[in-house]
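Data block for data30.txt (compact mmCIF, C-alpha atoms and all ligand atoms):
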# COMPACT_ATOMS: atom_id res chain seq x y z
CA MET A 1 -15.94 9.83 25.21
CA ARG A 2 -17.62 7.17 27.32
CA ARG A 3 -20.38 5.14 25.74
CA LYS A 4 -23.90 5.91 26.82
CA ASP A 5 -25.39 2.48 26.33
CA SER A 6 -24.87 -0.70 28.31
CA PRO A 7 -23.17 -3.26 26.08
CA GLY A 8 -24.52 -6.75 26.39
CA VAL A 9 -27.53 -5.65 28.45
CA PRO A 10 -30.80 -6.08 26.58
CA SER A 11 -33.42 -3.50 27.34
CA PRO A 12 -36.71 -5.25 28.08
CA GLY A 13 -39.74 -3.48 26.66
CA ALA A 14 -42.94 -3.11 28.63
CA GLY A 15 -45.26 -6.11 28.52
CA ARG A 16 -42.62 -8.57 27.35
CA ASP A 17 -41.96 -11.95 28.95
CA ARG A 18 -38.98 -11.44 31.18
CA PRO A 19 -36.63 -13.86 32.86
CA ALA A 20 -37.09 -14.15 36.62
CA GLY A 21 -35.29 -11.46 38.61
CA LEU A 22 -34.72 -7.72 38.49
CA ALA A 23 -34.76 -5.66 35.30
CA ILE A 24 -33.59 -2.04 35.34
CA ASP A 25 -34.77 -0.49 32.12
CA GLU A 26 -33.35 2.80 30.80
CA VAL A 27 -33.39 4.42 34.24
CA THR A 28 -32.44 8.07 34.70
CA VAL A 29 -32.18 9.79 38.08
CA ARG A 30 -31.61 13.53 38.44
CA TYR A 31 -30.99 15.60 41.54
CA PRO A 32 -32.40 19.12 41.54
CA ARG A 33 -29.94 21.99 41.28
CA ALA A 34 -28.40 22.89 44.64
CA LYS A 35 -28.80 26.62 43.99
CA ARG A 36 -30.09 28.90 41.26
CA GLY A 37 -27.83 28.91 38.23
CA ASP A 38 -26.55 25.37 38.86
CA ALA A 39 -27.49 22.65 36.38
CA PRO A 40 -29.42 19.65 37.75
CA VAL A 41 -27.13 16.63 38.34
CA THR A 42 -27.90 13.60 36.18
CA ALA A 43 -26.50 10.98 38.55
CA VAL A 44 -27.77 7.96 36.57
CA ASP A 45 -28.24 8.30 32.82
CA ARG A 46 -30.40 5.79 30.89
CA VAL A 47 -28.98 2.76 32.67
CA SER A 48 -30.19 -0.77 31.92
CA ALA A 49 -29.14 -3.86 33.84
CA GLN A 50 -30.51 -7.24 34.80
CA VAL A 51 -30.06 -9.35 37.89
CA PRO A 52 -31.24 -12.90 37.15
CA TRP A 53 -33.13 -14.52 40.03
CA GLY A 54 -30.80 -16.06 42.62
CA THR A 55 -27.70 -14.19 41.45
CA VAL A 56 -25.63 -11.24 42.65
CA LEU A 57 -24.81 -8.24 40.43
CA ALA A 58 -22.07 -5.93 41.68
CA LEU A 59 -22.29 -2.27 40.69
CA LEU A 60 -18.63 -1.30 40.62
CA GLY A 61 -17.33 2.20 40.05
CA PRO A 62 -15.41 5.14 41.48
CA SER A 63 -16.82 7.58 43.98
CA GLY A 64 -19.56 9.75 42.48
CA CYS A 65 -20.31 7.51 39.45
CA GLY A 66 -23.94 7.05 40.54
CA LYS A 67 -23.98 3.51 41.93
CA SER A 68 -25.62 4.39 45.29
CA THR A 69 -28.15 6.56 43.48
CA LEU A 70 -29.11 3.63 41.24
CA LEU A 71 -29.44 1.36 44.26
CA ARG A 72 -31.56 3.95 46.07
CA ALA A 73 -33.74 4.29 42.98
CA VAL A 74 -34.36 0.52 42.96
CA ALA A 75 -35.28 0.75 46.64
CA GLY A 76 -37.71 3.58 45.87
CA LEU A 77 -35.73 6.15 47.84
CA GLU A 78 -35.05 8.31 44.74
CA PRO A 79 -37.69 9.10 42.12
CA LEU A 80 -36.99 8.14 38.49
CA ALA A 81 -36.76 10.94 35.94
CA ALA A 82 -37.19 8.25 33.25
CA GLY A 83 -37.25 4.48 32.87
CA HIS A 84 -38.78 1.53 34.69
CA ILE A 85 -37.77 -1.12 37.20
CA TYR A 86 -39.40 -4.55 37.00
CA TRP A 87 -39.38 -7.63 39.18
CA THR A 88 -40.34 -11.00 37.73
CA GLU A 89 -41.10 -13.88 40.07
CA PRO A 90 -39.72 -17.27 39.14
CA ALA A 91 -42.53 -19.49 37.82
CA ALA A 92 -43.67 -21.57 40.79
CA ALA A 93 -43.00 -24.94 39.14
CA SER A 94 -39.41 -24.15 38.25
CA ALA A 95 -38.50 -21.95 41.20
CA GLY A 96 -36.96 -24.80 43.12
CA ALA A 97 -35.09 -26.01 40.06
CA THR A 98 -33.31 -23.15 38.33
CA GLY A 99 -35.37 -20.06 39.03
CA THR A 100 -34.80 -18.92 35.46
CA ALA A 101 -38.31 -19.18 34.09
CA GLY A 102 -40.37 -16.02 34.43
CA GLY A 103 -43.60 -15.94 36.46
CA GLY A 104 -45.62 -12.76 37.13
CA THR A 105 -43.98 -9.37 36.58
CA VAL A 106 -44.52 -6.29 38.76
CA GLU A 107 -43.30 -2.83 37.97
CA LEU A 108 -41.40 -2.03 41.15
CA SER A 109 -41.01 1.60 40.14
CA ARG A 110 -44.78 2.03 40.54
CA LEU A 111 -44.80 0.65 44.09
CA PRO A 112 -44.15 2.59 47.30
CA VAL A 113 -40.96 1.69 49.17
CA HIS A 114 -42.61 -0.57 51.73
CA LYS A 115 -44.38 -2.66 49.09
CA ARG A 116 -41.28 -3.41 46.99
CA GLY A 117 -40.21 -6.42 49.08
CA ILE A 118 -36.62 -5.27 49.35
CA GLY A 119 -34.03 -5.86 52.09
CA LEU A 120 -31.44 -3.10 52.57
CA MET A 121 -28.01 -3.19 54.12
CA PHE A 122 -25.73 -0.18 54.35
CA GLN A 123 -22.11 0.50 55.23
CA ASP A 124 -22.84 1.47 58.82
CA GLY A 125 -25.50 -1.17 59.48
CA MET A 126 -27.98 1.43 60.77
CA LEU A 127 -28.93 -0.78 63.72
CA PHE A 128 -31.05 0.42 66.62
CA PRO A 129 -28.49 0.85 69.43
CA HIS A 130 -31.11 0.59 72.19
CA ARG A 131 -32.47 -2.77 70.99
CA THR A 132 -30.91 -6.20 71.43
CA VAL A 133 -29.65 -8.28 68.53
CA ALA A 134 -33.00 -10.12 68.48
CA GLY A 135 -34.89 -6.82 68.65
CA ASN A 136 -33.02 -5.57 65.60
CA ILE A 137 -33.39 -8.70 63.52
CA GLY A 138 -37.04 -9.16 64.48
CA TYR A 139 -37.93 -5.50 63.87
CA GLY A 140 -39.18 -5.99 60.32
CA LEU A 141 -41.04 -9.18 61.20
CA ALA A 142 -43.69 -7.56 63.37
CA ARG A 143 -45.92 -7.08 60.32
CA SER A 144 -45.28 -10.58 58.98
CA GLY A 145 -48.14 -12.17 60.94
CA ARG A 146 -45.77 -14.32 63.01
CA ASP A 147 -46.39 -14.58 66.75
CA ARG A 148 -43.62 -13.90 69.30
CA ALA A 149 -42.43 -17.50 69.28
CA GLY A 150 -42.39 -17.55 65.47
CA ILE A 151 -40.38 -14.34 65.35
CA ARG A 152 -37.89 -15.75 67.86
CA ARG A 153 -37.52 -18.95 65.81
CA ARG A 154 -36.80 -16.92 62.67
CA VAL A 155 -34.30 -14.75 64.59
CA ASP A 156 -32.46 -17.82 65.90
CA GLU A 157 -32.45 -19.36 62.42
CA LEU A 158 -30.89 -16.20 60.98
CA LEU A 159 -28.32 -15.97 63.76
CA ASP A 160 -27.17 -19.43 62.70
CA VAL A 161 -27.10 -18.34 59.06
CA VAL A 162 -24.87 -15.32 59.78
CA GLY A 163 -22.63 -17.17 62.22
CA LEU A 164 -23.79 -15.58 65.50
CA PRO A 165 -25.63 -18.42 67.26
CA GLY A 166 -26.74 -17.69 70.80
CA MET A 167 -26.22 -13.94 70.54
CA ALA A 168 -29.90 -12.96 70.41
CA ASP A 169 -29.91 -11.14 73.74
CA ARG A 170 -26.65 -9.22 73.33
CA ARG A 171 -26.75 -5.42 73.23
CA ILE A 172 -25.70 -3.90 69.91
CA GLY A 173 -23.09 -1.73 71.62
CA SER A 174 -21.32 -4.85 72.94
CA LEU A 175 -20.67 -6.24 69.43
CA SER A 176 -17.63 -5.72 67.20
CA GLY A 177 -18.04 -3.92 63.87
CA GLY A 178 -17.99 -7.22 61.98
CA GLN A 179 -20.62 -8.75 64.28
CA GLN A 180 -22.81 -5.68 63.86
CA GLN A 181 -22.65 -6.07 60.07
CA ARG A 182 -23.67 -9.72 60.45
CA VAL A 183 -26.68 -8.56 62.48
CA ALA A 184 -27.48 -5.99 59.79
CA LEU A 185 -27.38 -8.76 57.17
CA ALA A 186 -29.64 -10.98 59.30
CA ARG A 187 -32.09 -8.09 59.67
CA ALA A 188 -32.13 -7.50 55.92
CA LEU A 189 -32.73 -11.22 55.27
CA ALA A 190 -35.35 -11.67 58.02
CA PRO A 191 -38.55 -10.98 56.05
CA SER A 192 -37.25 -13.13 53.12
CA PRO A 193 -37.14 -10.16 50.74
CA ARG A 194 -37.39 -10.84 47.01
CA LEU A 195 -34.33 -8.62 46.47
CA LEU A 196 -31.39 -7.58 48.66
CA LEU A 197 -29.68 -4.23 48.14
CA LEU A 198 -26.24 -3.99 49.73
CA ASP A 199 -24.53 -0.59 49.68
CA GLU A 200 -20.80 -0.97 50.50
CA PRO A 201 -21.74 -3.25 53.43
CA LEU A 202 -18.13 -4.01 54.34
CA ALA A 203 -16.53 -0.62 53.72
CA ALA A 204 -16.28 0.36 57.39
CA LEU A 205 -14.36 -2.79 58.38
CA ASP A 206 -10.60 -3.32 58.41
CA ALA A 207 -9.03 -5.19 55.48
CA ALA A 208 -8.54 -8.56 57.23
CA LEU A 209 -12.09 -8.67 58.62
CA ARG A 210 -13.48 -7.46 55.31
CA SER A 211 -11.94 -10.33 53.38
CA ARG A 212 -13.19 -12.89 55.96
CA LEU A 213 -16.72 -11.49 55.94
CA LEU A 214 -16.70 -11.29 52.17
CA VAL A 215 -16.25 -15.05 51.91
CA ASP A 216 -19.03 -15.62 54.48
CA LEU A 217 -21.32 -13.15 52.76
CA ARG A 218 -20.86 -14.90 49.42
CA GLU A 219 -21.70 -18.26 51.03
CA ILE A 220 -24.75 -16.86 52.82
CA LEU A 221 -26.12 -15.22 49.68
CA GLN A 222 -25.64 -18.47 47.74
CA ARG A 223 -27.19 -20.62 50.47
CA GLU A 224 -30.20 -18.29 50.74
CA ARG A 225 -30.46 -18.15 46.92
CA ALA A 226 -30.66 -14.39 47.30
CA THR A 227 -31.07 -12.05 44.36
CA ALA A 228 -28.87 -9.09 45.22
CA LEU A 229 -27.44 -5.82 43.99
CA PHE A 230 -24.11 -5.13 45.67
CA VAL A 231 -22.59 -1.64 45.44
CA THR A 232 -18.84 -1.27 45.83
CA HIS A 233 -15.90 0.81 44.62
CA ASP A 234 -13.55 -2.10 45.35
CA GLN A 235 -12.88 -4.37 42.36
CA GLY A 236 -11.60 -7.17 44.61
CA GLU A 237 -14.90 -7.18 46.52
CA ALA A 238 -16.98 -7.05 43.35
CA PHE A 239 -15.10 -9.90 41.72
CA ALA A 240 -15.17 -12.04 44.87
CA ILE A 241 -18.88 -11.73 45.57
CA ALA A 242 -20.73 -11.27 42.31
CA ASP A 243 -21.94 -13.56 39.56
CA SER A 244 -21.75 -10.59 37.23
CA VAL A 245 -20.30 -7.12 37.48
CA ALA A 246 -21.57 -3.85 35.99
CA VAL A 247 -18.81 -1.26 35.80
CA MET A 248 -20.16 2.30 36.18
CA CYS A 249 -18.58 5.58 35.14
CA SER A 250 -20.19 9.04 35.20
CA GLY A 251 -23.76 7.79 35.48
CA HIS A 252 -23.44 5.06 32.82
CA ILE A 253 -22.78 1.34 32.85
CA VAL A 254 -19.75 0.95 30.60
CA GLN A 255 -19.29 -2.83 30.79
CA THR A 256 -21.31 -5.75 32.13
CA GLY A 257 -20.17 -9.34 32.35
CA ALA A 258 -18.94 -12.21 34.45
CA PRO A 259 -15.97 -11.18 36.63
CA GLN A 260 -13.59 -13.36 34.63
CA ALA A 261 -14.77 -11.90 31.32
CA ILE A 262 -14.26 -8.33 32.54
CA TRP A 263 -10.88 -9.28 33.96
CA THR A 264 -9.64 -10.85 30.73
CA HIS A 265 -11.41 -8.50 28.30
CA PRO A 266 -11.83 -5.02 29.78
CA ALA A 267 -13.92 -2.91 27.41
CA ASP A 268 -11.43 -0.07 27.21
CA GLU A 269 -8.44 1.56 28.86
CA TRP A 270 -10.54 3.24 31.56
CA VAL A 271 -12.11 -0.04 32.69
CA ALA A 272 -8.72 -1.79 32.54
CA ARG A 273 -7.08 0.80 34.78
CA PHE A 274 -10.06 0.86 37.16
CA ILE A 275 -9.92 -2.90 37.73
CA GLY A 276 -6.19 -2.91 38.45
CA TYR A 277 -4.22 -2.92 35.22
CA THR A 278 -1.38 -0.45 35.79
CA SER A 279 0.00 0.09 32.28
CA VAL A 280 -1.43 0.42 28.79
CA LEU A 281 0.65 0.17 25.61
CA PRO A 282 -0.84 1.41 22.32
CA ALA A 283 -0.99 -0.56 19.07
CA GLY A 284 2.45 -0.69 17.49
CA HIS A 285 4.27 -0.96 20.82
CA GLY A 286 6.67 -3.51 19.31
CA VAL A 287 7.24 -5.45 22.53
CA ALA A 288 8.03 -9.09 21.76
CA GLY A 289 5.79 -11.62 23.47
CA LEU A 290 2.78 -9.27 23.77
CA PRO A 291 -0.23 -9.20 21.42
CA ASP A 292 0.26 -6.71 18.55
CA GLY A 293 -2.67 -4.39 19.31
CA PRO A 294 -3.16 -2.19 22.38
CA VAL A 295 -2.61 -4.09 25.63
CA ALA A 296 -3.23 -3.55 29.33
CA LEU A 297 -0.67 -4.95 31.76
CA ARG A 298 -0.71 -5.83 35.43
CA PRO A 299 2.65 -5.50 37.19
CA ALA A 300 2.93 -9.31 37.20
CA ALA A 301 2.80 -9.29 33.38
CA LEU A 302 6.49 -8.33 33.31
CA SER A 303 8.81 -9.82 35.92
CA ALA A 304 12.56 -9.42 36.20
CA ASP A 305 14.12 -12.65 34.92
CA PRO A 306 17.55 -13.04 33.30
CA ALA A 307 16.01 -15.62 30.94
CA GLY A 308 13.35 -13.14 29.77
CA THR A 309 12.96 -11.77 26.25
CA VAL A 310 12.15 -8.10 26.93
CA THR A 311 14.66 -5.47 28.01
CA GLY A 312 14.18 -2.06 29.59
CA THR A 313 15.66 0.61 31.84
CA VAL A 314 14.45 1.37 35.36
CA LEU A 315 13.09 4.91 35.83
CA SER A 316 12.06 4.42 39.49
CA ALA A 317 11.21 1.62 41.93
CA ARG A 318 8.99 1.26 45.00
CA PRO A 319 8.26 -1.61 47.39
CA SER A 320 4.68 -2.97 47.36
CA PRO A 321 3.09 -5.64 49.61
CA ASP A 322 3.69 -8.37 46.97
CA ALA A 323 6.94 -7.42 45.24
CA VAL A 324 9.15 -4.49 44.32
CA ARG A 325 7.44 -2.54 41.56
CA ALA A 326 9.55 -0.69 39.03
CA THR A 327 8.60 1.84 36.39
CA VAL A 328 10.50 0.70 33.33
CA GLU A 329 11.07 2.24 29.91
CA LEU A 330 10.93 -0.76 27.57
CA ALA A 331 13.30 -0.86 24.61
CA GLY A 332 11.37 0.29 21.52
CA SER A 333 7.99 0.81 23.22
CA SER A 334 6.13 4.07 23.56
CA GLY A 335 5.68 4.90 27.22
CA PRO A 336 6.88 3.45 30.52
CA VAL A 337 5.25 0.40 32.15
CA THR A 338 5.05 -0.94 35.69
CA ALA A 339 6.95 -4.20 36.10
CA GLN A 340 7.81 -6.28 39.10
CA ALA A 341 11.24 -7.22 40.34
CA LEU A 342 11.47 -10.54 42.06
CA SER A 343 14.22 -9.57 44.52
CA ARG A 344 13.45 -7.32 47.49
CA ASP A 345 16.22 -4.86 46.58
CA LEU A 346 15.15 -1.62 44.96
CA PRO A 347 16.92 -1.39 41.60
CA PRO A 348 18.46 2.10 41.15
CA ARG A 349 17.39 4.39 38.29
CA GLY A 350 19.16 3.46 35.07
CA THR A 351 19.43 -0.27 35.90
CA HIS A 352 19.06 -2.41 32.79
CA LEU A 353 16.48 -5.14 33.37
CA THR A 354 15.62 -8.28 31.46
CA LEU A 355 11.95 -9.17 31.86
CA ARG A 356 9.81 -12.20 31.21
CA VAL A 357 6.24 -11.86 29.94
CA ASP A 358 3.50 -13.65 31.90
CA SER A 359 0.45 -13.69 29.65
CA SER A 360 -1.96 -14.14 32.60
CA GLY A 361 -1.26 -10.49 33.49
CA VAL A 362 -1.96 -9.21 29.98
CA ALA A 363 -5.30 -8.17 28.45
CA ALA A 364 -5.76 -7.28 24.80
CA LEU A 365 -7.79 -4.08 24.45
CA PRO A 366 -10.16 -3.17 21.59
CA PRO A 367 -8.31 -1.71 18.57
CA ALA A 368 -9.25 1.96 19.04
CA THR A 369 -7.69 2.12 22.53
CA GLY A 370 -4.82 4.54 22.89
CA GLU A 371 -5.27 6.13 19.45
CA GLY A 372 -5.94 9.85 19.49
N1 LIG B 1 -28.85 14.42 47.34
C1 LIG B 1 -28.07 14.81 46.30
N2 LIG B 1 -28.24 16.03 45.72
C2 LIG B 1 -27.50 16.42 44.68
N3 LIG B 1 -26.54 15.63 44.10
C3 LIG B 1 -26.34 14.43 44.62
C4 LIG B 1 -27.08 13.94 45.74
N4 LIG B 1 -26.65 12.69 46.04
C5 LIG B 1 -25.68 12.41 45.14
N5 LIG B 1 -25.48 13.44 44.29
C6 LIG B 1 -24.55 13.50 43.17
O1 LIG B 1 -24.88 12.44 42.27
C7 LIG B 1 -23.71 11.82 41.75
C8 LIG B 1 -23.74 10.35 42.07
O2 LIG B 1 -23.67 10.18 43.51
P1 LIG B 1 -23.71 8.74 44.19
O3 LIG B 1 -23.72 8.92 45.65
O4 LIG B 1 -24.79 7.95 43.58
O5 LIG B 1 -22.31 8.14 43.71
P2 LIG B 1 -21.56 6.85 44.21
O6 LIG B 1 -20.98 6.23 43.00
O7 LIG B 1 -22.44 6.01 45.04
O8 LIG B 1 -20.40 7.50 45.10
P3 LIG B 1 -19.77 7.02 46.51
O9 LIG B 1 -19.03 5.74 46.22
O10 LIG B 1 -18.85 8.14 46.85
O11 LIG B 1 -20.91 6.85 47.46
C9 LIG B 1 -22.53 12.58 42.35
O12 LIG B 1 -22.13 13.56 41.44
C10 LIG B 1 -23.12 13.20 43.60
O13 LIG B 1 -22.43 14.39 43.92

Can the structure from this file be put into structure tokens for me?
Amino acid sequence: MRRKDSPGVPSPGAGRDRPAGLAIDEVTVRYPRAKRGDAPVTAVDRVSAQVPWGTVLALLGPSGCGKSTLLRAVAGLEPLAAGHIYWTEPAAASAGATGTAGGGTVELSRLPVHKRGIGLMFQDGMLFPHRTVAGNIGYGLARSGRDRAGIRRRVDELLDVVGLPGMADRRIGSLSGGQQQRVALARALAPSPRLLLLDEPLAALDAALRSRLLVDLREILQRERATALFVTHDQGEAFAIADSVAVMCSGHIVQTGAPQAIWTHPADEWVARFIGYTSVLPAGHGVAGLPDGPVALRPAALSADPAGTVTGTVLSARPSPDAVRATVELAGSSGPVTAQALSRDLPPRGTHLTLRVDSSGVAALPPATGEG
């Protein structure tokens, strides 16, 4: 059974002093039944989370877990069945310093979409194809009270920020996918929103471009001191971009923490496997060199090495981009594990391997894991 609460995430009560930033408080979102006889879908179930001012929280989870629904609810695009969403301004005096002290609080969930002060960026950019780059970025500024020259100055400033200087007059159709996403980011940042909501903004790009843009995006968000909610199903993206990560499963947040803390201490076997651990051994596994209780292992936790202390028998082997990966039955352990061979040759089934333990690929799991 998955837990229904959000460990480590305090639930702010109404009227309390809150730290500056976003507070999602016990939010539930339901979709009506698609046809008679169907049950309504509870896409987000009593979720609480906080995004401190000036930080990025990644909502990480598999397809259908409810992360886009939660983001849309914060934007005001889905009504709440229960719960509240608050925004607390940093206190003016300390805003330039740390941004952690709370100023005035507004209940975002009582405001219409256009009054929430939110910038949105989606996977496909949703740019206006018939407008220029400047026309797209300046679109949301028309109501800001700036004159034409002021709008153009802000557009040029943002083009510098997103690494597209001098491209104001280009047509959208003449830009690459990565450039279009930079324009979409500039458009979302243009009105200086209090909160940025990014829904898989890099998902449509190829892997090489995605990793380049990811680094740029992280730098831009830090430089702009943006407070942002970043939705992704990709653990590499979440860990690279976010100050903290909330792992979602079936409408619930099942673990929240700094990327490193989630990486080294996944809350349970499901989280461990979702973030890239490939094997789990239960308590009593008896493998020398590993902690006694249940453990999660990355392939790099066990590498073929004649000087190693663990032995096993190869069941199958496959090449991977980093190394040959072998499924190995370890002597005395219950269940096969994925290990990595350091040579490029595929070891045949039945090969006896000696393996070395690399503790940086090992995470101890809570005691109940793997029992029953
Ligand atoms: N408009 C809708 N009507 C009914 N059910 C919906 C609607 N939108 C989403 N759902 C359901 O709500 C659940 C959560 O969907 P959501 O899109 O939030 O998930 P997600 O984690 O963002 O997935 P993905 O990564 O695939 O976008 C799913 O079961 C989905 O089928």

Exercise. Compute the set of protein, DNA and RNA residues whose minimum atom distance to ligand LIG 1 (chain B) is at most 8 Å, using all atoms listed in the file, and state it as an NGL selection string.
Key: :A and (30-34 or 40-44 or 61-70 or 231-233 or 248 or 250-251)

Self-check item: Nearest residue to Val295 of chain A from the set A:Pro266, A:Gly37, A:Gly104, A:Gly145 (distances using only C-alpha atoms)
Solution: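 Looking only at the distances to Val295 of chain A, the closest residue turns out to be A:Pro266.
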
Just want the 12 Å neighbourhood of Ala238 of chain A, counted on all atoms listed in the file, with same-chain residues fewer than 3 positions away dropped. Output as a CSV table (one decimal) with C-alpha atoms, in the coordinates of the input.
chain,number,residue,atom,x,y,z
A,56,VAL,CA,-25.6,-11.2,42.6
A,57,LEU,CA,-24.8,-8.2,40.4
A,58,ALA,CA,-22.1,-5.9,41.7
A,59,LEU,CA,-22.3,-2.3,40.7
A,60,LEU,CA,-18.6,-1.3,40.6
A,61,GLY,CA,-17.3,2.2,40.0
A,198,LEU,CA,-26.2,-4.0,49.7
A,199,ASP,CA,-24.5,-0.6,49.7
A,200,GLU,CA,-20.8,-1.0,50.5
A,201,PRO,CA,-21.7,-3.2,53.4
A,202,LEU,CA,-18.1,-4.0,54.3
A,211,SER,CA,-11.9,-10.3,53.4
A,214,LEU,CA,-16.7,-11.3,52.2
A,215,VAL,CA,-16.2,-15.0,51.9
A,218,ARG,CA,-20.9,-14.9,49.4
A,229,LEU,CA,-27.4,-5.8,44.0
A,230,PHE,CA,-24.1,-5.1,45.7
A,231,VAL,CA,-22.6,-1.6,45.4
A,232,THR,CA,-18.8,-1.3,45.8
A,233,HIS,CA,-15.9,0.8,44.6
A,234,ASP,CA,-13.6,-2.1,45.4
A,235,GLN,CA,-12.9,-4.4,42.4
A,241,ILE,CA,-18.9,-11.7,45.6
A,242,ALA,CA,-20.7,-11.3,42.3
A,243,ASP,CA,-21.9,-13.6,39.6
A,244,SER,CA,-21.8,-10.6,37.2
A,245,VAL,CA,-20.3,-7.1,37.5
A,246,ALA,CA,-21.6,-3.8,36.0
A,247,VAL,CA,-18.8,-1.3,35.8
A,257,GLY,CA,-20.2,-9.3,32.4
A,258,ALA,CA,-18.9,-12.2,34.4
A,259,PRO,CA,-16.0,-11.2,36.6
A,260,GLN,CA,-13.6,-13.4,34.6
A,262,ILE,CA,-14.3,-8.3,32.5
A,263,TRP,CA,-10.9,-9.3,34.0
A,275,ILE,CA,-9.9,-2.9,37.7

Quiz item: By how many Å are atom CA of Asp358 of chain A and atom CA of Ala240 of chain A apart?
Solution: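 It comes out at 22.8 Å.
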
Quiz item: To one decimal place, how far is atom CA of Leu353 of chain A from atom CA of Gly289 of chain A in Å?
Solution: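 Pair atom CA of Leu353 of chain A / atom CA of Gly289 of chain A returns 15.9 Å.
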
Quiz item: Suppose you want the space between atom CA of Arg171 of chain A and atom CA of Met126 of chain A; what is it in Å?
Solution: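 Taking atom CA of Arg171 of chain A as the start and atom CA of Met126 of chain A as the end point, the length is 14.3 Å.
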
Self-check item: Spatial sel., origin (-38.8, 6.2, 37.0), limit 12 Å, all atoms listed in the file, listed as a PyMOL selection string
Solution: chain A and resi 24-30+44-47+70+72-86+107-111

Practice problem: May I ask which of the residues A:Ile220, A:Ala304, A:Ile118, A:Ala203 is the closest one to Arg344 of chain A, counting only C-alpha atoms? | Solution: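 Checking each candidate against Arg344 of chain A, we get A:Ala304 as the closest.
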
Practice problem: Identify which of the residues A:Pro336, A:Gly236, A:Gly286, A:Pro294 lies closest to His265 of chain A, counting only C-alpha atoms when measuring atom-to-atom distances. | Solution: A:Pro294

Practice problem: Pick out the residues sitting within 10 Å of Ile151 of chain A, and hand them over as an NGL selection string; count all atoms listed in the file, and ignore anything fewer than 4 positions along from it in its own chain. | Solution: :A and (134-135 or 137-142 or 144-147 or 155-157 or 190)

Practice problem: Would you mind telling me which residue in A:Arg349, A:Arg223, A:His285, A:Arg187 lies nearest to Phe128 of chain A when using all atoms listed in the file? | Solution: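 Using all atoms listed in the file, Phe128 of chain A sits closest to A:Arg187.
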
Quiz prompt | Proximity to Val310 of chain A - best of A:Gly150, A:Gly177, A:Gly117, A:Gly332, all atoms listed in the file | solution = A:Gly332

Self-check item: Ala272 of chain A surroundings by all atoms listed in the file, 12 Å radius, close-in-sequence under 4 positions cut, as an NGL selection string
Solution: :A and (235 or 247 or 254-255 or 261-268 or 276-281 or 294-298 or 361-366 or 369)

So that I can check the surroundings of Pro321 of chain A, please list as a PDB file with C-alpha atoms, in the frame of the given file every protein, DNA and RNA residue that reaches within 12 Å of it, counting all atoms listed in the file and ignoring chain neighbours fewer than 3 positions away.
ATOM      1  CA  ARG A 318       8.990   1.260  45.000  1.00  0.00           C
ATOM      2  CA  VAL A 324       9.150  -4.490  44.320  1.00  0.00           C
ATOM      3  CA  ARG A 325       7.440  -2.540  41.560  1.00  0.00           C
ATOM      4  CA  GLN A 340       7.810  -6.280  39.100  1.00  0.00           C
ATOM      5  CA  ARG A 344      13.450  -7.320  47.490  1.00  0.00           C
TER       6      ARG A 344
END

Quiz prompt | Closest of A:Met121, A:Ala91, A:Leu195, A:Leu185 to Val133 of chain A - atom-to-atom distances counting only C-alpha atoms | solution = A:Leu185

Exercise. Find the residues around Gly284 of chain A up to 9 Å (all atoms listed in the file counted), leave out those fewer than 4 positions away in its own chain, and share them as a PyMOL selection string.
Key: chain A and resi 292-294+333-334

Keeping only C-alpha atoms, take the residues you just selected and write them out as a compact mmCIF listing (two decimals), in the frame of the given file.
# COMPACT_ATOMS: atom_id res chain seq x y z
CA ASP A 292 0.26 -6.71 18.55
CA GLY A 293 -2.67 -4.39 19.31
CA PRO A 294 -3.16 -2.19 22.38
CA SER A 333 7.99 0.81 23.22
CA SER A 334 6.13 4.07 23.56
